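The data block below is protein_3.cif; it holds mmCIF, C-alpha atoms.
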```cif
data_entry
loop_
_atom_site.label_atom_id
_atom_site.label_comp_id
_atom_site.auth_asym_id
_atom_site.auth_seq_id
_atom_site.Cartn_x
_atom_site.Cartn_y
_atom_site.Cartn_z
CA SER C 36 26.84 4.57 -35.30
CA GLY C 37 28.82 6.95 -33.16
CA PHE C 38 28.91 10.45 -31.69
CA ALA C 39 31.85 12.72 -30.80
CA HIS C 40 31.26 14.97 -27.78
CA ASP C 41 34.60 16.58 -26.87
CA ILE C 42 38.24 16.98 -27.93
CA ASN C 43 41.40 17.96 -26.02
CA ASP C 44 44.50 19.88 -27.10
CA ALA C 45 46.22 16.65 -28.14
CA GLY C 46 43.42 15.83 -30.55
CA GLN C 47 41.97 12.99 -28.49
CA ILE C 48 38.23 12.75 -29.09
CA VAL C 49 35.62 11.17 -26.81
CA GLY C 50 32.01 10.24 -27.28
CA GLU C 51 30.03 7.05 -27.73
CA SER C 52 29.69 4.23 -30.27
CA GLN C 53 27.16 1.50 -30.79
CA ILE C 54 28.70 -1.94 -30.34
CA ALA C 55 28.67 -3.92 -33.59
CA GLY C 56 25.90 -6.50 -33.63
CA ASP C 57 24.46 -5.20 -30.35
CA THR C 58 22.05 -2.57 -29.04
CA TYR C 59 24.44 -1.18 -26.41
CA THR C 60 26.54 1.97 -26.76
CA HIS C 61 29.91 2.34 -25.05
CA ALA C 62 32.02 5.35 -24.19
CA THR C 63 34.70 5.69 -26.87
CA ILE C 64 38.02 7.49 -27.31
CA TRP C 65 39.61 8.19 -30.69
CA ASN C 66 43.42 8.47 -30.78
CA ASN C 67 44.77 9.42 -34.20
CA HIS C 68 41.31 8.65 -35.58
CA LEU C 69 41.42 5.09 -34.20
CA PRO C 70 38.57 4.24 -31.79
CA THR C 71 38.99 2.39 -28.49
CA ASP C 72 36.08 1.12 -26.41
CA LEU C 73 36.31 2.63 -22.92
CA GLY C 74 33.90 0.01 -21.64
CA THR C 75 31.31 -0.02 -18.89
CA LEU C 76 31.11 -0.80 -15.19
CA GLY C 77 29.35 -4.09 -15.92
CA ALA C 78 28.19 -6.36 -18.72
CA GLY C 79 25.07 -5.41 -20.66
CA GLU C 80 25.26 -1.70 -19.82
CA ASN C 81 25.52 1.59 -21.75
CA SER C 82 28.13 4.29 -21.22
CA VAL C 83 29.06 7.64 -22.75
CA ALA C 84 32.01 10.04 -22.41
CA TRP C 85 30.97 13.70 -22.46
CA ALA C 86 34.33 15.39 -21.88
CA ILE C 87 38.10 14.81 -21.83
CA ASN C 88 40.93 16.83 -20.28
CA ASN C 89 44.49 17.32 -21.54
CA GLN C 90 45.71 14.36 -19.46
CA GLY C 91 43.44 12.04 -21.42
CA VAL C 92 40.98 11.47 -18.57
CA ALA C 93 37.35 11.34 -19.69
CA VAL C 94 34.08 11.69 -17.78
CA GLY C 95 30.48 10.87 -18.55
CA THR C 96 27.88 8.36 -17.44
CA ASN C 97 27.25 4.63 -17.13
CA ASP C 98 23.78 3.11 -17.10
CA LEU C 99 23.93 0.34 -14.52
CA ALA C 100 22.07 -2.94 -14.88
CA SER C 101 19.79 -1.71 -12.07
CA GLY C 102 18.65 1.14 -14.34
CA LEU C 103 20.50 3.84 -12.38
CA ARG C 104 22.54 6.32 -14.43
CA THR C 105 25.74 7.18 -12.60
CA ALA C 106 28.49 9.77 -13.15
CA THR C 107 31.63 8.02 -14.37
CA ARG C 108 35.35 8.66 -14.92
CA PHE C 109 37.37 6.80 -17.54
CA ASP C 110 41.17 6.87 -17.21
CA GLN C 111 44.27 4.74 -17.68
CA THR C 112 43.49 2.71 -14.54
CA GLY C 113 39.94 1.83 -15.54
CA ILE C 114 36.43 3.09 -14.79
CA THR C 115 35.34 4.80 -11.57
CA ASP C 116 31.74 5.17 -10.39
CA ILE C 117 31.77 8.85 -9.34
CA GLY C 118 28.10 8.75 -8.36
CA LEU C 119 28.93 6.09 -5.78
CA ALA C 120 32.05 7.98 -4.65
CA ILE C 121 30.09 11.17 -3.88
CA GLY C 122 27.17 9.34 -2.29
CA ALA C 123 24.56 10.25 -4.90
CA THR C 124 21.04 9.21 -3.86
CA GLY C 125 19.78 9.06 -7.47
CA PRO C 126 20.86 9.49 -11.11
CA SER C 127 24.03 11.52 -11.66
CA VAL C 128 26.02 12.89 -14.61
CA ALA C 129 29.65 14.02 -14.91
CA TRP C 130 29.64 16.77 -17.54
CA ASP C 131 33.21 18.07 -17.52
CA ILE C 132 36.72 17.67 -16.06
CA ASN C 133 39.59 20.17 -15.94
CA ASP C 134 43.32 19.53 -16.24
CA HIS C 135 43.66 19.22 -12.44
CA GLY C 136 41.17 16.35 -12.38
CA VAL C 137 38.30 18.37 -10.92
CA ILE C 138 35.00 16.93 -12.15
CA VAL C 139 31.69 18.79 -12.27
CA GLY C 140 28.19 17.61 -13.01
CA GLN C 141 24.82 17.09 -11.41
CA ALA C 142 23.70 14.68 -8.69
CA PRO C 143 21.34 14.51 -5.71
CA LEU C 144 23.52 14.29 -2.62
CA SER C 145 20.42 14.48 -0.43
CA PRO C 146 16.74 13.70 -1.10
CA GLY C 147 15.30 15.87 -3.88
CA PHE C 148 16.39 17.08 -7.30
CA ALA C 149 19.94 16.81 -8.59
CA LYS C 150 22.15 19.86 -8.00
CA GLY C 151 25.58 20.90 -9.18
CA PHE C 152 28.53 19.03 -7.71
CA TYR C 153 32.34 19.14 -7.65
CA TYR C 154 34.55 16.07 -7.21
CA SER C 155 38.29 15.40 -7.06
CA ASN C 156 40.45 12.59 -5.72
CA THR C 157 41.94 14.89 -3.08
CA ASP C 158 38.81 16.73 -1.91
CA GLY C 159 36.08 14.17 -2.53
CA GLY C 160 32.58 15.26 -3.51
CA LEU C 161 30.75 18.46 -2.66
CA SER C 162 27.33 19.81 -3.56
CA ALA C 163 28.21 23.24 -4.97
CA GLY C 164 27.33 25.42 -7.93
CA THR C 165 23.56 25.63 -7.46
CA PRO C 166 22.40 28.81 -5.68
CA ARG C 167 20.82 28.45 -2.25
CA PHE C 168 17.05 27.87 -2.20
CA PHE C 169 16.98 26.61 -5.82
CA ASN C 170 15.37 23.18 -6.20
CA GLY C 171 17.92 21.80 -8.64
CA GLY C 172 20.67 22.54 -11.12
CA ALA C 173 23.80 21.36 -12.89
CA ASN C 174 27.43 22.35 -13.44
CA LEU C 175 28.10 21.89 -17.16
CA SER C 176 31.67 23.19 -17.59
CA VAL C 177 34.72 23.83 -15.42
CA ASN C 178 37.94 25.70 -16.21
CA ASN C 179 41.41 25.21 -14.78
CA ALA C 180 40.80 27.85 -12.09
CA GLY C 181 37.93 25.75 -10.75
CA GLU C 182 35.20 28.10 -11.97
CA SER C 183 32.10 26.29 -13.20
CA VAL C 184 29.00 27.37 -15.11
CA GLY C 185 25.63 25.78 -15.64
CA HIS C 186 22.03 26.41 -14.68
CA ALA C 187 19.59 26.15 -11.78
CA PHE C 188 15.82 26.20 -11.39
CA PHE C 189 12.94 26.76 -9.04
CA PHE C 190 10.29 24.09 -9.60
CA GLY C 191 7.92 25.42 -12.29
CA ASP C 192 10.11 28.39 -13.28
CA PRO C 193 12.59 28.66 -16.19
CA SER C 194 16.22 27.73 -15.59
CA VAL C 195 18.72 30.52 -14.94
CA ALA C 196 22.41 30.53 -15.88
CA THR C 197 24.82 30.19 -12.96
CA HIS C 198 28.50 30.75 -12.22
CA ALA C 199 30.51 29.32 -9.30
CA SER C 200 34.06 30.20 -8.25
CA PRO C 201 36.29 29.00 -5.39
CA ASP C 202 35.94 31.19 -2.30
CA GLY C 203 39.44 30.47 -0.98
CA SER C 204 38.27 28.47 2.03
CA GLY C 205 37.18 25.21 0.43
CA GLY C 206 33.76 26.39 -0.70
CA TYR C 207 32.32 28.21 -3.69
CA ASP C 208 30.68 31.57 -4.30
CA VAL C 209 27.66 31.10 -6.57
CA ALA C 210 25.85 33.73 -8.62
CA GLU C 211 22.96 33.91 -11.07
CA ILE C 212 24.23 35.40 -14.33
CA GLY C 213 21.19 35.10 -16.58
CA PRO C 214 18.90 37.99 -17.58
CA SER C 215 16.38 39.08 -14.95
CA GLY C 216 12.72 38.10 -15.10
CA LEU C 217 11.13 34.85 -16.18
CA ASN C 218 13.57 34.24 -19.02
CA PHE C 219 15.25 30.89 -19.66
CA SER C 220 19.06 30.98 -19.64
CA MET C 221 21.85 28.42 -19.49
CA ALA C 222 25.65 28.73 -19.40
CA THR C 223 27.29 25.83 -21.20
CA ALA C 224 31.04 26.58 -21.29
CA ILE C 225 33.72 28.72 -19.64
CA THR C 226 37.27 29.36 -20.83
CA ASP C 227 40.36 29.63 -18.63
CA SER C 228 40.19 33.41 -19.13
CA GLY C 229 36.62 33.46 -17.78
CA ILE C 230 34.61 33.93 -20.99
CA ILE C 231 31.20 32.29 -20.54
CA VAL C 232 28.87 31.26 -23.36
CA GLY C 233 25.46 29.65 -23.56
CA HIS C 234 21.96 30.50 -24.66
CA ALA C 235 18.90 32.37 -23.44
CA SER C 236 15.35 33.25 -24.42
CA GLY C 237 13.26 36.38 -23.93
CA LEU C 238 16.08 38.78 -24.79
CA ASP C 239 15.29 42.34 -25.93
CA GLY C 240 11.57 41.80 -25.42
CA ASP C 241 11.34 38.76 -27.68
CA THR C 242 8.28 36.76 -26.62
CA SER C 243 8.54 34.10 -29.34
CA GLY C 244 10.49 31.70 -27.11
CA ASN C 245 13.34 31.51 -29.62
CA TRP C 246 16.82 30.79 -28.28
CA GLN C 247 19.69 33.21 -28.76
CA ALA C 248 23.37 32.31 -28.51
CA VAL C 249 24.92 34.55 -25.86
CA ILE C 250 28.14 35.59 -24.15
CA TYR C 251 27.55 36.34 -20.48
CA GLU C 252 29.06 39.64 -19.43
CA PRO C 253 30.44 40.23 -15.92
CA ASP C 254 27.46 42.38 -14.95
CA GLY C 255 24.98 39.60 -15.89
#
```
This structure in structure tokens:
Amino acid sequence: SGFAHDINDAGQIVGESQIAGDTYTHATIWNNHLPTDLGTLGAGENSVAWAINNQGVAVGTNDLASGLRTATRFDQTGITDIGLAIGATGPSVAWDINDHGVIVGQAPLSPGFAKGFYYSNTDGGLSAGTPRFFNGGANLSVNNAGESVGHAFFFGDPSVATHASPDGSGGYDVAEIGPSGLNFSMATAITDSGIIVGHASGLDGDTSGNWQAVIYEPDG
């Protein structure tokens, strides 16, 4: 069995495939419809690729033999444990990578819940993308301008969609972009032109809890 999770402009597809005759799944890339096993950090482990950029670099996770899930990069040189590189203190996930090699995801870089992070070879890892005072969150998508979107939460409250953008001095400005009130919202993708999509509940007075596909407007 197999799953495809992302595709780049060159038609390279990434995802995961179950290894024949085994119970493990490995991160996989399809080039011209032909699959290649991207492997794992160690024997007897699972891995998955969630996203790929236009340089053919993929990111995702690797389940270590210890049981820890760690954010992972797959490229032409091999596999890199991003969770280890950023100093994650618990499970981590790399959700997306842009064409400049900037990776975003979620990881605890201090005790507590995982929060949004940025990572690149030049700048290292940084906890950014989750608004201040929120217990946890995640960066799910990043564009080539370095803007990321995702969600954040207070413990016990619904998640709220978030947007982060470079502040010009090495940090990031972060804003809540979901509807006000106790409504669930999540931003799942952002284009290079800044269009943000995702889903939300409780819109227009709907109390059924049904999700609605949404485009997030600049005014939130």
Original post:
Exactly which residues make up the result of the PyMOL selection byres ((chain C and resi 206-209) around 10) on this file, given as number ranges by chain?
Top reply: C: 153, 161-167, 181-184, 197-205, 210-212
**OP:** Could you expand the PyMOL selection byres ((chain C and resi 44-60) around 7) into the explicit residues it covers here, written as a PyMOL selection string?
**Re:** chain C and resi 36-43+61-66+80-87+89
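Interatomic distance, CA of His186 (chain C) to CA of Ala222 (chain C): 6.4 Å.
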Original post:
Contacts of Pro193 (chain C) at 9 Å or less, counting all atoms listed in the file, minus same-chain residues fewer than 3 places along, as an MDAnalysis selection string?
Top reply: chainID C and resid 187:190 217:220
**OP:** Could you check which of C:Gln111, C:Thr226, C:Asn88, C:Ser145 is closest to Leu73 (chain C), using all atoms listed in the file?
**Re:** C:Gln111
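Closest approach to Gly74 (chain C) from the set C:Ala142, C:Ile121, C:Ala196, C:Ile114 is made by C:Ile114, with distances taken over all atoms listed in the file.
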Original post:
Of the candidates C:Thr71, C:Ser176, C:Ser101, C:Ser127, which shows the shortest atom-to-atom distance to Lys150 (chain C), using all atoms listed in the file?
Top reply: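 Among C:Thr71, C:Ser176, C:Ser101, C:Ser127, it is C:Ser127 that comes nearest to Lys150 (chain C).
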**OP:** List the residues matched by the PyMOL selection byres ((chain C and resi 100) around 9) in the displayed structure as a ChimeraX atom specification, ordered by chain and then by residue number.
**Re:** /C:77-81,98-99,101-103
**OP:** Fewer than 2 positions away in the same chain doesn't count, so skip those; otherwise give me all residues within 12 Å of region 247-251 of chain C, counting only C-alpha atoms, as JSON, numbers by chain.
**Re:** {"C": [184, 185, 195, 196, 197, 198, 211, 212, 213, 214, 218, 219, 220, 221, 222, 223, 224, 225, 226, 229, 230, 231, 232, 233, 234, 235, 236, 237, 238, 239, 241, 243, 244, 245, 253, 254, 255]}
**OP:** For CA of Thr115 (chain C) and CA of Ala129 (chain C), quote the distance in Å rounded to one decimal.
**Re:** 11.3 Å
Original post:
What separation in Å, quoted to one decimal, exists between CA of Thr112 (chain C) and CA of Gln141 (chain C)?
Top reply: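 Separation between CA of Thr112 (chain C) and CA of Gln141 (chain C): 23.8 Å.
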Subject >> Residue list as number ranges by chain for point (30.9, 11.6, -7.2), cut-off 7 Å, only C-alpha atoms >> reply: C: 106, 117-123, 154, 160
Output as an mmCIF file, in the frame of the given file: region 108-124 of chain C, completed with N, CA and C atoms.
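To be explicit, this is the file written out as result.cif:
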```cif
data_model
loop_
_atom_site.group_PDB
_atom_site.id
_atom_site.type_symbol
_atom_site.label_atom_id
_atom_site.label_comp_id
_atom_site.auth_asym_id
_atom_site.auth_seq_id
_atom_site.Cartn_x
_atom_site.Cartn_y
_atom_site.Cartn_z
ATOM 1 N N ARG C 108 34.051 8.206 -14.413
ATOM 2 C CA ARG C 108 35.350 8.660 -14.920
ATOM 3 C C ARG C 108 36.036 7.498 -15.623
ATOM 4 N N PHE C 109 36.633 7.804 -16.776
ATOM 5 C CA PHE C 109 37.370 6.800 -17.540
ATOM 6 C C PHE C 109 38.827 7.266 -17.642
ATOM 7 N N ASP C 110 39.761 6.491 -17.106
ATOM 8 C CA ASP C 110 41.170 6.870 -17.210
ATOM 9 C C ASP C 110 42.022 5.631 -17.452
ATOM 10 N N GLN C 111 43.339 5.813 -17.360
ATOM 11 C CA GLN C 111 44.270 4.740 -17.680
ATOM 12 C C GLN C 111 44.164 3.558 -16.715
ATOM 13 N N THR C 112 43.599 3.782 -15.532
ATOM 14 C CA THR C 112 43.490 2.710 -14.540
ATOM 15 C C THR C 112 42.172 1.956 -14.638
ATOM 16 N N GLY C 113 41.228 2.501 -15.414
ATOM 17 C CA GLY C 113 39.940 1.830 -15.540
ATOM 18 C C GLY C 113 38.779 2.804 -15.410
ATOM 19 N N ILE C 114 37.661 2.319 -14.895
ATOM 20 C CA ILE C 114 36.430 3.090 -14.790
ATOM 21 C C ILE C 114 36.077 3.265 -13.321
ATOM 22 N N THR C 115 35.702 4.491 -12.948
ATOM 23 C CA THR C 115 35.340 4.800 -11.570
ATOM 24 C C THR C 115 33.892 5.294 -11.519
ATOM 25 N N ASP C 116 33.115 4.741 -10.610
ATOM 26 C CA ASP C 116 31.740 5.170 -10.390
ATOM 27 C C ASP C 116 31.767 6.414 -9.493
ATOM 28 N N ILE C 117 31.700 7.599 -10.102
ATOM 29 C CA ILE C 117 31.770 8.850 -9.340
ATOM 30 C C ILE C 117 30.484 9.060 -8.547
ATOM 31 N N GLY C 118 29.348 8.635 -9.105
ATOM 32 C CA GLY C 118 28.100 8.750 -8.360
ATOM 33 C C GLY C 118 28.171 8.032 -7.022
ATOM 34 N N LEU C 119 28.749 6.838 -7.028
ATOM 35 C CA LEU C 119 28.930 6.090 -5.780
ATOM 36 C C LEU C 119 29.917 6.792 -4.874
ATOM 37 N N ALA C 120 31.004 7.337 -5.461
ATOM 38 C CA ALA C 120 32.050 7.980 -4.650
ATOM 39 C C ALA C 120 31.537 9.218 -3.923
ATOM 40 N N ILE C 121 30.588 9.942 -4.523
ATOM 41 C CA ILE C 121 30.090 11.170 -3.880
ATOM 42 C C ILE C 121 28.838 10.902 -3.058
ATOM 43 N N GLY C 122 28.349 9.676 -3.080
ATOM 44 C CA GLY C 122 27.170 9.340 -2.290
ATOM 45 C C GLY C 122 25.871 9.818 -2.906
ATOM 46 N N ALA C 123 25.785 9.820 -4.231
ATOM 47 C CA ALA C 123 24.560 10.250 -4.900
ATOM 48 C C ALA C 123 23.398 9.358 -4.497
ATOM 49 N N THR C 124 22.237 9.959 -4.261
ATOM 50 C CA THR C 124 21.040 9.210 -3.860
ATOM 51 C C THR C 124 20.124 8.924 -5.047
#
```
